[in-house]
Structures are given as C-alpha cells and as structure tokens.
Amino acid sequence: LTDRLNQVFTQLRRRGKLSEADVDAALREVRLALLDADVHYSVVKKFTAGVRERAVGAEVSRALNPAQQVIKIVHEELISTLGEPERLNLTGEKPRVIMLVGLQGSGKTTAAAKLARLLRSQGERVLLAAADPYRPAAVQQLVTLGGTVGVEVFTDSRLNPPELVQKAYEQGIKGGYSILIADTAGRSQMDDTLMDELKAITRKVKPADILLVVDSMVGQEALHIAEGFRDTVTLTGLILTKMDGDARGGAAISIRSVTGVPIKFLGVGEGIDALEVYDPRRLASRILGMGDVIGLIEKAEAAFDLEGTQNQAARMMSGKFSLEDFAAQMKQIRKMGPISQIFDMLPGNLGKVAQQVSPQDAEKQLKLTEAIISSMTREERREPDILNASRRRRIARGSGVDVQDVNRVMKNFREAQKLMKTLQKTGGRGLPKIFG
Ligand code: GDP
Ligand code: MG
C-alpha cells in the first residue's frame with residue numbers, strides 16, 4: 001500500500017494543508033487495500049468517508065510526506081473502528097463458563113486448548129468440556145490437547161451436549177475449578193439443530209463468555225456467520241483464527257463494526273501457544289498490509305524533532321544562544337513528556353540537581369518562562385541586553401507576572417547561556433548527552 005501511495009504523491013510537494021485531491025488520491029488506494037483484505041464494501045465506504053472528513057484540511061506535518069500523513073490518519077481511524085481490547089468477563093460464581101461456538105473446522109477445539117493454557121498460566125484452575133460427543137475423533141482431539149497443556153478434560157459419550165456441559169459444570173463445582181471451557185460441536189453450515197443445541201446449553205449453564213470462533217480465511221462470509229450466531233446466542237467476543245495464513249483479517253473490521261462484537265483473541269498458528277491477545281494497533285497494521293510502516297512513520301517524526309534539536313545545538317555551539325533558542329528549548333522539553341520523567345533522563349549532576357525541584361514547581365516554572373518569553377518582541381528575544389527596567393515591567397504586565405519573575409527567567413537564561421559557552425570550550429563533549 002505504501003509504495004502505491006508514495007507513487008500517487010511523487011508529483012506533489014509539501015504544502016500547508018492536505019487538499020481534497022491529495023486525500024482522494026490516497027483514499028482510492030486505501031479503499032482497494034481494504035477490499036483486498038476482505039473488509040465488507042459498506043464498511044469500507046463508511047470508513048473512508050470518516051477518514052476523508054478528518055484528513056481534508058488537516059495541517060501537513062513537516063515531518064511526513066502526504067502519503068505518510070494519510071496513512072497515519074487511516075491507521076488511527078482503523079484502530080478506533082476496530083475498538084478497544086476487551087477482556088474476558090471473568091466474574092461471577094465459579095466455575096465461570098466460557099463457551100466456544102463456530103462452524104466446523106474454524107478452530108474451536110484448538111482455541112479451547114490454547115485458552116485453557118493461557119488461563120492456567122494466569123493461575124486459574126481450568127476444566128475443559130468436550131461437548132462435541134457425536135464425533136469420537138473430536139473428543140479424542142480435545143483429550144490429547146488437554147494432555148498437552150496439562151488441563152483435565154470432561155467427557156461422557158452417553159450424554160447429549162447440553163447434558164454433558166451441565167455435568168461438567170457440576171464436576172467443576174465439586175472439583176473447585178475456577179473456569180470451565182466448553183468446546184461445542186460445529187456443523188459445516190448454520191442449521192436449526194445446531195442453534196437449538198447451543199441455546200439449550202446456555203439455558204443449562206449461564207456462560208460468562210460466549211466466544212465465536214471464525215476462520216479468517218473465509219473472508220466476507222465471516223460477517224454472515226457472525227450475524228447468524230449472534231441471532232441465536234449472546235456473543236461476548238470473537239476469536240479470529242488462522243491469522244498466520246494469507247488472510248489479513250479484514251473480516252474482523254466488518255464483524256466489529258456491523259455486529260459490535262469485540263475481538264478478543266487471534267489464533268496465529270497450529271501450536272498450542274499460538275494465541276494472541278487482540279491488539280488493535282497490530283491488527284490495523286496487518287489489515288492495511290503495512291508491515292512496519294507505522295513504526296517508520298513514528299521514526300520519521302522523531303527524527304524530524306531531532307533535526308530541530310541539532311540545528312539548535314549547532315547555533316548554541318556557535319555562541320549565538322538567544323532567548324528564542326531558550327524558548328525553543330523549553331518547548332522541546334515540554335514535548336518530551338511530564339517533567340518528572342525528563343528528570344530521570346538528565347545526565348549526572350544535572351539530574352541530581354533537578355530532582356531537588358518538585359515536578360509541580362518545575363512544570364509551573366516552565367509555563368511561566370514560556371509566557372514571559374512570548375510577551376517579548378522579536379528584537380528583545382534576539383538582543384536580551386536591551387531589556388531595561390521599563391521593558392521588563394511591560395513584559396511582566398503582558399504575561400501577568402511580577403517583574404521579579406521576569407528577572408528570574410533572565411537569570412536562568414544567562415546561566416543557560418553560560419553553560420552553552422562552557423560546552424563550547426570543551427568542544428561540545430557532553431552536549432550529546434543532554435540532547436540525546
Ligand atoms: P474445530 O472443528 O472448530 O474444532 O476446529 P479445529 O480446532 O479442529 O481446527 C481445525 C484445523 O485448523 C486444525 O487442523 C487446526 O490445527 C487448524 N487451526 C486451528 N487454529 C489455527 C490457527 O490459528 N492457525 C493455523 N494455521 N491453523 C489452525
Ligand atoms: Mg472441534
């Protein structure tokens with residue numbers, strides 16, 4: 001996607017704002033990428049309309065080219081469409097029942113074992129129920145997987161699925177289990193018998209979670225499957241399996257935005273540990289087929305900041321450290337995050353001295369300094385020597401502070417200037433430490 005987008009933008013220069021033409025050209029490619037990733041057409045339409053609204057007229061960041069900028073917006077919007085991660089509803093009386101539903105071959109039995117392993121590692125006492133008793137091979141599969149992950153499996157070939165889950169539940173109470181995972185039968189299609197059976201199970205035990213297991217390879221069909229199951233049982237989440245294959249998982253967006261069912265896990269392999277807790281950032285990157293593009297964009301932005309810092313450092317080294325540089329330095333510091341974190345990053349003595357100031361005071365001081373410097377004229381910032389008493393009074397009035405505050409900022413500035421001179425003499429050794 002990025003390559004194609006960059007092609008779209010090769011003719012374009014950076015300008016003040018993203019134009020409609022910029023955005024439309026980029027969105028044509030985004031639309032194709034989403035359709036290619038099996039996102040439903042109606043969802044693509046709604047989504048791109050949302051992005052367009054946000055992107056047209058957005059300020060062009062000087063760090064990014066228009067292609068990167070549009071991708072950034074698309075990525076952010078996609079993350080918000082995909083929704084926040086939601087945990088399992090592990091509350092209520094024990095054992096809490098997690099029921100897995102889905103079509104045959106979607107990966108339910110595998111997911112049941114993967115989940116059992118995950119929850120066990122979190123200190124839960126897990127019991128698996130093989131509620132697919134009609135197929136001996138299916139029962140055996142779960143028993144084998146249960147053995148691999150060290151979790152007991154409840155089976156009884158004489159019982160029908162609702163009875164079996166009921167019995168497993170009673171066993172769960174007796175045995176002091178905290179979680180019961182029910183692996184249900186699946187048909188190759190959604191039919192009434194299957195749906196009635198699932199409903200009957202939910203009447204016997206009240207599942208805390210009913211997770212729909214969907215094979216990401218089925219593409220567009222996933223949405224219909226999700227709608228079908230949702231009409232029968234109250235789905236609390238989605239497990240999208242076989243994400244290690246070619247499928248990019250665009251179905252997840254459709255399911256999430258059409259049915260509102262949150263994605264909880266991704267299956268990423270046949271192995272018993274190949275279960276990922278859903279992470280919208282990662283999934284969004286995958287759906288857009290961007291690999292590490294987002295990482296690169298973030299690096300570009302960081303590098304741009306660094307460029308600014310280096311220019312500033314170069315000026316300081318040449319001995320021309322003006323109040324404008326001082327103000328820029330303040331801004332840079334503020335951009336780095338909360339003051340307390342910055343203290344930790346300062347080298348040696350500087351860090352120790354800074355620690356003695358309370359973060360609140362330092363934050364206040366920073367704001368005050370900014371306010372004072374912004375009340376100065378350009379000339380004053382460049383030639384601080386002209387700041388006589390009457391100018392200082394005017395600046396104090398303009399920024400709503402006392403003259404003493406202005407004097408203090410000037411004193412700090414002089415000290416910073418002195419520090420720069422010292423650094424200049426030492427040939428700049430130590431400077432990189434401060435500006436990392
Ligand atoms: P069920 O019929 O829904 O219980 O599906 P199974 O758990 O038996 O899985 C069907 C097939 O898909 C098996 O061969 C699994 O090994 C395979 N499978 C399940 N989950 C994944 C996954 O995340 N990635 C891959 N590559 N294969 C998977
Ligand atoms: Mg199965």
# chains A, B, ... in the order shown; residues from 1 in each chain; ligands from 1
$ residues_around --residues "segment 257-265 of chain A" --least-positions-apart "2" --cutoff "10 Å" --atoms "only C-alpha atoms" --output "PyMOL selection string"
chain A and resi 40+42-43+47+81-88+111+115+211-213+223+226-227+230+234-241+251-255+267-268+275-280
$ write_last_selection --atoms "N, CA and C atoms" --output "tab-separated table (two decimals), in the first residue's frame"
chain	number	residue	atom	x	y	z
A	40	HIS	N	-15.89	-5.63	4.34
A	40	HIS	CA	-17.14	-5.53	3.60
A	40	HIS	C	-17.27	-4.16	2.92
A	42	SER	N	-19.70	-2.05	2.39
A	42	SER	CA	-20.41	-0.97	3.09
A	42	SER	C	-19.55	-0.39	4.21
A	43	VAL	N	-18.77	-1.25	4.83
A	43	VAL	CA	-17.90	-0.79	5.91
A	43	VAL	C	-16.77	0.07	5.34
A	47	PHE	N	-16.10	3.88	6.35
A	47	PHE	CA	-14.78	4.15	6.94
A	47	PHE	C	-14.02	5.25	6.19
A	81	THR	N	-11.94	2.18	14.81
A	81	THR	CA	-13.03	1.35	14.30
A	81	THR	C	-12.95	-0.07	14.86
A	82	LEU	N	-11.73	-0.57	14.97
A	82	LEU	CA	-11.55	-1.94	15.48
A	82	LEU	C	-11.92	-2.04	16.95
A	83	GLY	N	-11.82	-0.95	17.67
A	83	GLY	CA	-12.27	-0.94	19.05
A	83	GLY	C	-11.20	-1.33	20.05
A	84	GLU	N	-11.44	-0.88	21.27
A	84	GLU	CA	-10.54	-1.17	22.38
A	84	GLU	C	-10.52	-2.66	22.66
A	85	PRO	N	-9.40	-3.17	23.16
A	85	PRO	CA	-9.39	-4.57	23.57
A	85	PRO	C	-10.33	-4.76	24.78
A	86	GLU	N	-11.07	-5.86	24.74
A	86	GLU	CA	-11.91	-6.17	25.90
A	86	GLU	C	-11.48	-7.50	26.46
A	87	ARG	N	-11.46	-7.57	27.79
A	87	ARG	CA	-11.02	-8.80	28.42
A	87	ARG	C	-12.17	-9.78	28.49
A	88	LEU	N	-11.85	-10.99	28.91
A	88	LEU	CA	-12.89	-11.98	29.18
A	88	LEU	C	-13.69	-11.50	30.39
A	111	ALA	N	-8.65	-23.65	19.78
A	111	ALA	CA	-8.75	-22.43	20.58
A	111	ALA	C	-9.07	-22.76	22.03
A	115	LEU	N	-6.76	-21.45	24.96
A	115	LEU	CA	-7.31	-20.62	26.04
A	115	LEU	C	-7.06	-21.26	27.40
A	211	LEU	N	-17.82	-17.10	23.04
A	211	LEU	CA	-16.88	-16.60	22.02
A	211	LEU	C	-17.13	-17.29	20.69
A	212	LEU	N	-17.29	-16.47	19.67
A	212	LEU	CA	-17.43	-17.02	18.33
A	212	LEU	C	-16.05	-17.21	17.71
A	213	VAL	N	-15.79	-18.44	17.26
A	213	VAL	CA	-14.51	-18.73	16.62
A	213	VAL	C	-14.71	-18.68	15.11
A	223	LEU	N	-18.81	-12.33	8.10
A	223	LEU	CA	-19.84	-11.42	8.62
A	223	LEU	C	-21.18	-12.14	8.74
A	226	ALA	N	-21.12	-14.51	11.66
A	226	ALA	CA	-21.24	-13.77	12.93
A	226	ALA	C	-22.69	-13.37	13.17
A	227	GLU	N	-23.35	-12.89	12.12
A	227	GLU	CA	-24.74	-12.46	12.28
A	227	GLU	C	-25.64	-13.64	12.63
A	230	ARG	N	-25.00	-14.66	16.25
A	230	ARG	CA	-25.44	-13.60	17.15
A	230	ARG	C	-26.95	-13.64	17.35
A	234	THR	N	-25.96	-14.86	22.79
A	234	THR	CA	-25.39	-13.55	23.05
A	234	THR	C	-23.87	-13.63	22.99
A	235	LEU	N	-23.31	-13.29	21.84
A	235	LEU	CA	-21.86	-13.36	21.69
A	235	LEU	C	-21.20	-12.25	22.51
A	236	THR	N	-20.16	-12.62	23.25
A	236	THR	CA	-19.42	-11.60	24.02
A	236	THR	C	-18.06	-11.32	23.40
A	237	GLY	N	-17.70	-12.09	22.40
A	237	GLY	CA	-16.40	-11.84	21.82
A	237	GLY	C	-16.12	-12.72	20.62
A	238	LEU	N	-15.01	-12.41	19.98
A	238	LEU	CA	-14.63	-13.08	18.75
A	238	LEU	C	-13.19	-13.60	18.86
A	239	ILE	N	-12.99	-14.82	18.39
A	239	ILE	CA	-11.62	-15.31	18.21
A	239	ILE	C	-11.42	-15.52	16.72
A	240	LEU	N	-10.52	-14.79	16.13
A	240	LEU	CA	-10.24	-14.90	14.71
A	240	LEU	C	-9.03	-15.80	14.53
A	241	THR	N	-9.24	-16.95	13.87
A	241	THR	CA	-8.15	-17.93	13.79
A	241	THR	C	-7.45	-17.91	12.43
A	251	ALA	N	-12.07	-9.15	7.84
A	251	ALA	CA	-13.38	-9.55	8.32
A	251	ALA	C	-13.62	-9.06	9.74
A	252	ALA	N	-12.55	-8.97	10.50
A	252	ALA	CA	-12.67	-8.50	11.89
A	252	ALA	C	-13.31	-7.12	11.94
A	253	ILE	N	-12.92	-6.25	11.00
A	253	ILE	CA	-13.49	-4.90	10.98
A	253	ILE	C	-14.97	-4.97	10.71
A	254	SER	N	-15.34	-5.78	9.70
A	254	SER	CA	-16.76	-5.88	9.35
A	254	SER	C	-17.55	-6.39	10.55
A	255	ILE	N	-17.06	-7.46	11.17
A	255	ILE	CA	-17.79	-8.05	12.29
A	255	ILE	C	-17.93	-7.05	13.43
A	267	GLY	N	-5.94	-16.33	16.62
A	267	GLY	CA	-5.18	-17.58	16.51
A	267	GLY	C	-4.13	-17.38	15.44
A	268	VAL	N	-2.89	-17.64	15.78
A	268	VAL	CA	-1.81	-17.35	14.83
A	268	VAL	C	-0.93	-18.56	14.53
A	275	LEU	N	-1.67	-18.16	20.36
A	275	LEU	CA	-2.87	-17.35	20.61
A	275	LEU	C	-2.42	-15.97	21.04
A	276	GLU	N	-2.90	-14.96	20.34
A	276	GLU	CA	-2.52	-13.59	20.68
A	276	GLU	C	-3.70	-12.87	21.29
A	277	VAL	N	-3.44	-12.14	22.36
A	277	VAL	CA	-4.48	-11.26	22.87
A	277	VAL	C	-4.62	-10.13	21.86
A	278	TYR	N	-5.83	-9.82	21.51
A	278	TYR	CA	-6.10	-8.82	20.47
A	278	TYR	C	-5.49	-7.47	20.79
A	279	ASP	N	-4.80	-6.92	19.81
A	279	ASP	CA	-4.17	-5.61	19.94
A	279	ASP	C	-4.55	-4.79	18.70
A	280	PRO	N	-5.41	-3.77	18.86
A	280	PRO	CA	-5.92	-3.06	17.68
A	280	PRO	C	-4.83	-2.44	16.81
$ select_by_dssp --residues "segment 169-315 of chain A" --states "helix (DSSP H, G or I)" --output "PyMOL selection string"
chain A and resi 169-174+192-204+216-218+221-232+250-259+280-288+293-315
$ write_last_selection --atoms "C-alpha atoms" --output "CSV table (one decimal), in the first residue's frame"
chain,number,residue,atom,x,y,z
A,169,TYR,CA,-20.3,-27.8,35.4
A,170,GLU,CA,-21.3,-29.9,38.4
A,171,GLN,CA,-17.9,-31.6,38.2
A,172,GLY,CA,-16.4,-28.1,38.1
A,173,ILE,CA,-18.1,-27.1,41.3
A,174,LYS,CA,-17.1,-30.3,43.1
A,192,ASP,CA,-31.5,-25.2,13.3
A,193,THR,CA,-30.3,-28.4,15.1
A,194,LEU,CA,-27.0,-26.7,15.9
A,195,MET,CA,-28.6,-23.5,17.0
A,196,ASP,CA,-31.2,-25.3,19.2
A,197,GLU,CA,-28.4,-27.2,20.8
A,198,LEU,CA,-26.4,-24.1,21.6
A,199,LYS,CA,-29.4,-22.4,23.1
A,200,ALA,CA,-30.1,-25.5,25.2
A,201,ILE,CA,-26.6,-25.3,26.6
A,202,THR,CA,-26.9,-21.7,27.5
A,203,ARG,CA,-30.1,-22.5,29.4
A,204,LYS,CA,-28.3,-25.2,31.5
A,216,SER,CA,-10.1,-15.6,8.9
A,217,MET,CA,-9.7,-17.4,5.6
A,218,VAL,CA,-13.4,-17.4,5.0
A,221,GLU,CA,-18.5,-14.9,4.7
A,222,ALA,CA,-17.3,-14.2,8.2
A,223,LEU,CA,-19.8,-11.4,8.6
A,224,HIS,CA,-22.8,-13.7,7.8
A,225,ILE,CA,-21.5,-16.3,10.1
A,226,ALA,CA,-21.2,-13.8,12.9
A,227,GLU,CA,-24.7,-12.5,12.3
A,228,GLY,CA,-26.2,-16.0,12.3
A,229,PHE,CA,-24.7,-17.0,15.6
A,230,ARG,CA,-25.4,-13.6,17.2
A,231,ASP,CA,-29.1,-14.1,16.4
A,232,THR,CA,-29.0,-17.3,18.4
A,250,GLY,CA,-10.3,-7.5,7.3
A,251,ALA,CA,-13.4,-9.6,8.3
A,252,ALA,CA,-12.7,-8.5,11.9
A,253,ILE,CA,-13.5,-4.9,11.0
A,254,SER,CA,-16.8,-5.9,9.4
A,255,ILE,CA,-17.8,-8.0,12.3
A,256,ARG,CA,-16.8,-5.4,14.8
A,257,SER,CA,-18.5,-2.5,13.1
A,258,VAL,CA,-21.6,-4.3,11.9
A,259,THR,CA,-22.4,-6.6,14.9
A,280,PRO,CA,-5.9,-3.1,17.7
A,281,ARG,CA,-2.7,-1.3,16.6
A,282,ARG,CA,-1.1,-4.5,15.4
A,283,LEU,CA,-4.3,-5.7,13.7
A,284,ALA,CA,-4.8,-2.4,12.0
A,285,SER,CA,-1.2,-2.5,10.5
A,286,ARG,CA,-1.8,-6.0,9.3
A,287,ILE,CA,-5.1,-5.2,7.6
A,288,LEU,CA,-3.6,-2.3,5.8
A,293,VAL,CA,5.2,1.4,8.0
A,294,ILE,CA,3.7,2.9,11.1
A,295,GLY,CA,7.0,2.3,13.0
A,296,LEU,CA,8.8,4.1,10.2
A,297,ILE,CA,6.4,7.0,10.3
A,298,GLU,CA,6.9,7.3,14.0
A,299,LYS,CA,10.7,7.3,13.5
A,300,ALA,CA,10.4,9.9,10.8
A,301,GLU,CA,8.6,12.2,13.2
A,302,ALA,CA,11.1,11.6,15.9
A,303,ALA,CA,14.0,12.2,13.5
A,304,PHE,CA,12.4,15.5,12.5
A,305,ASP,CA,12.4,16.6,16.1
A,306,LEU,CA,16.0,15.6,16.4
A,307,GLU,CA,16.8,17.6,13.3
A,308,GLY,CA,15.4,20.7,15.0
A,309,THR,CA,17.3,19.9,18.1
A,310,GLN,CA,20.5,19.6,16.2
A,311,ASN,CA,20.1,22.9,14.4
A,312,GLN,CA,19.6,24.5,17.8
A,313,ALA,CA,22.6,22.8,19.2
A,314,ALA,CA,24.7,24.0,16.3
A,315,ARG,CA,23.6,27.6,16.9
$ residues_near_ligand --ligand "ligand 2" --cutoff "6 Å" --atoms "only C-alpha atoms and all ligand atoms" --output "ChimeraX atom specification"
/A:108-109,138
$ residues_near_ligand --ligand "ligand 1" --cutoff "9 Å" --atoms "only C-alpha atoms and all ligand atoms" --output "number ranges by chain"
A: 100-113, 132, 138, 141-142, 183-187, 213-216, 240-245, 266-271, 274-275
$ select_by_dssp --residues "segment 22-254 of chain A" --states "strand (DSSP E or B)" --output "count of residues only"
34
$ atom_distance --atom1 "atom CA of Val97 of chain A" --atom2 "atom CA of Ala137 of chain A"
23.6 Å
$ closest_residue --among "A:Thr155, A:Gln69, A:Thr91, A:Ser80" --to "Ile179 of chain A" --atoms "only C-alpha atoms"
A:Thr91
$ residues_around --residues "Val51 of chain A" --least-positions-apart "3" --cutoff "8 Å" --atoms "only C-alpha atoms" --output "VMD selection string"
chain A and resid 47 to 48 54 to 55 73 to 74 77
$ closest_atom_pairs --of "segment 156-247 of chain A" --to "segment 118-126 of chain A" --cutoff "7 Å" --atoms "only C-alpha atoms" --output "tab-separated table"
residue	atom	partner	partner_atom	distance
A:Tyr177	CA	A:Arg125	CA	4.9
A:Ser178	CA	A:Arg125	CA	5.1
A:Ile179	CA	A:Val126	CA	4.8
A:Leu180	CA	A:Val126	CA	5.9
$ write_last_selection --atoms "N, CA and C atoms" --output "short mmCIF file (atom, residue, chain, number, x, y, z; two decimals), in the first residue's frame"
data_model
loop_
_atom_site.label_atom_id
_atom_site.label_comp_id
_atom_site.auth_asym_id
_atom_site.auth_seq_id
_atom_site.Cartn_x
_atom_site.Cartn_y
_atom_site.Cartn_z
N TYR A 177 -12.93 -25.99 40.45
CA TYR A 177 -12.38 -25.34 39.26
C TYR A 177 -12.88 -23.90 39.18
N SER A 178 -12.05 -23.01 38.64
CA SER A 178 -12.48 -21.61 38.52
C SER A 178 -13.03 -21.32 37.12
N ILE A 179 -12.65 -22.14 36.15
CA ILE A 179 -13.12 -21.89 34.78
C ILE A 179 -13.47 -23.20 34.08
N LEU A 180 -14.60 -23.18 33.39
CA LEU A 180 -14.98 -24.32 32.56
C LEU A 180 -15.04 -23.83 31.11
#
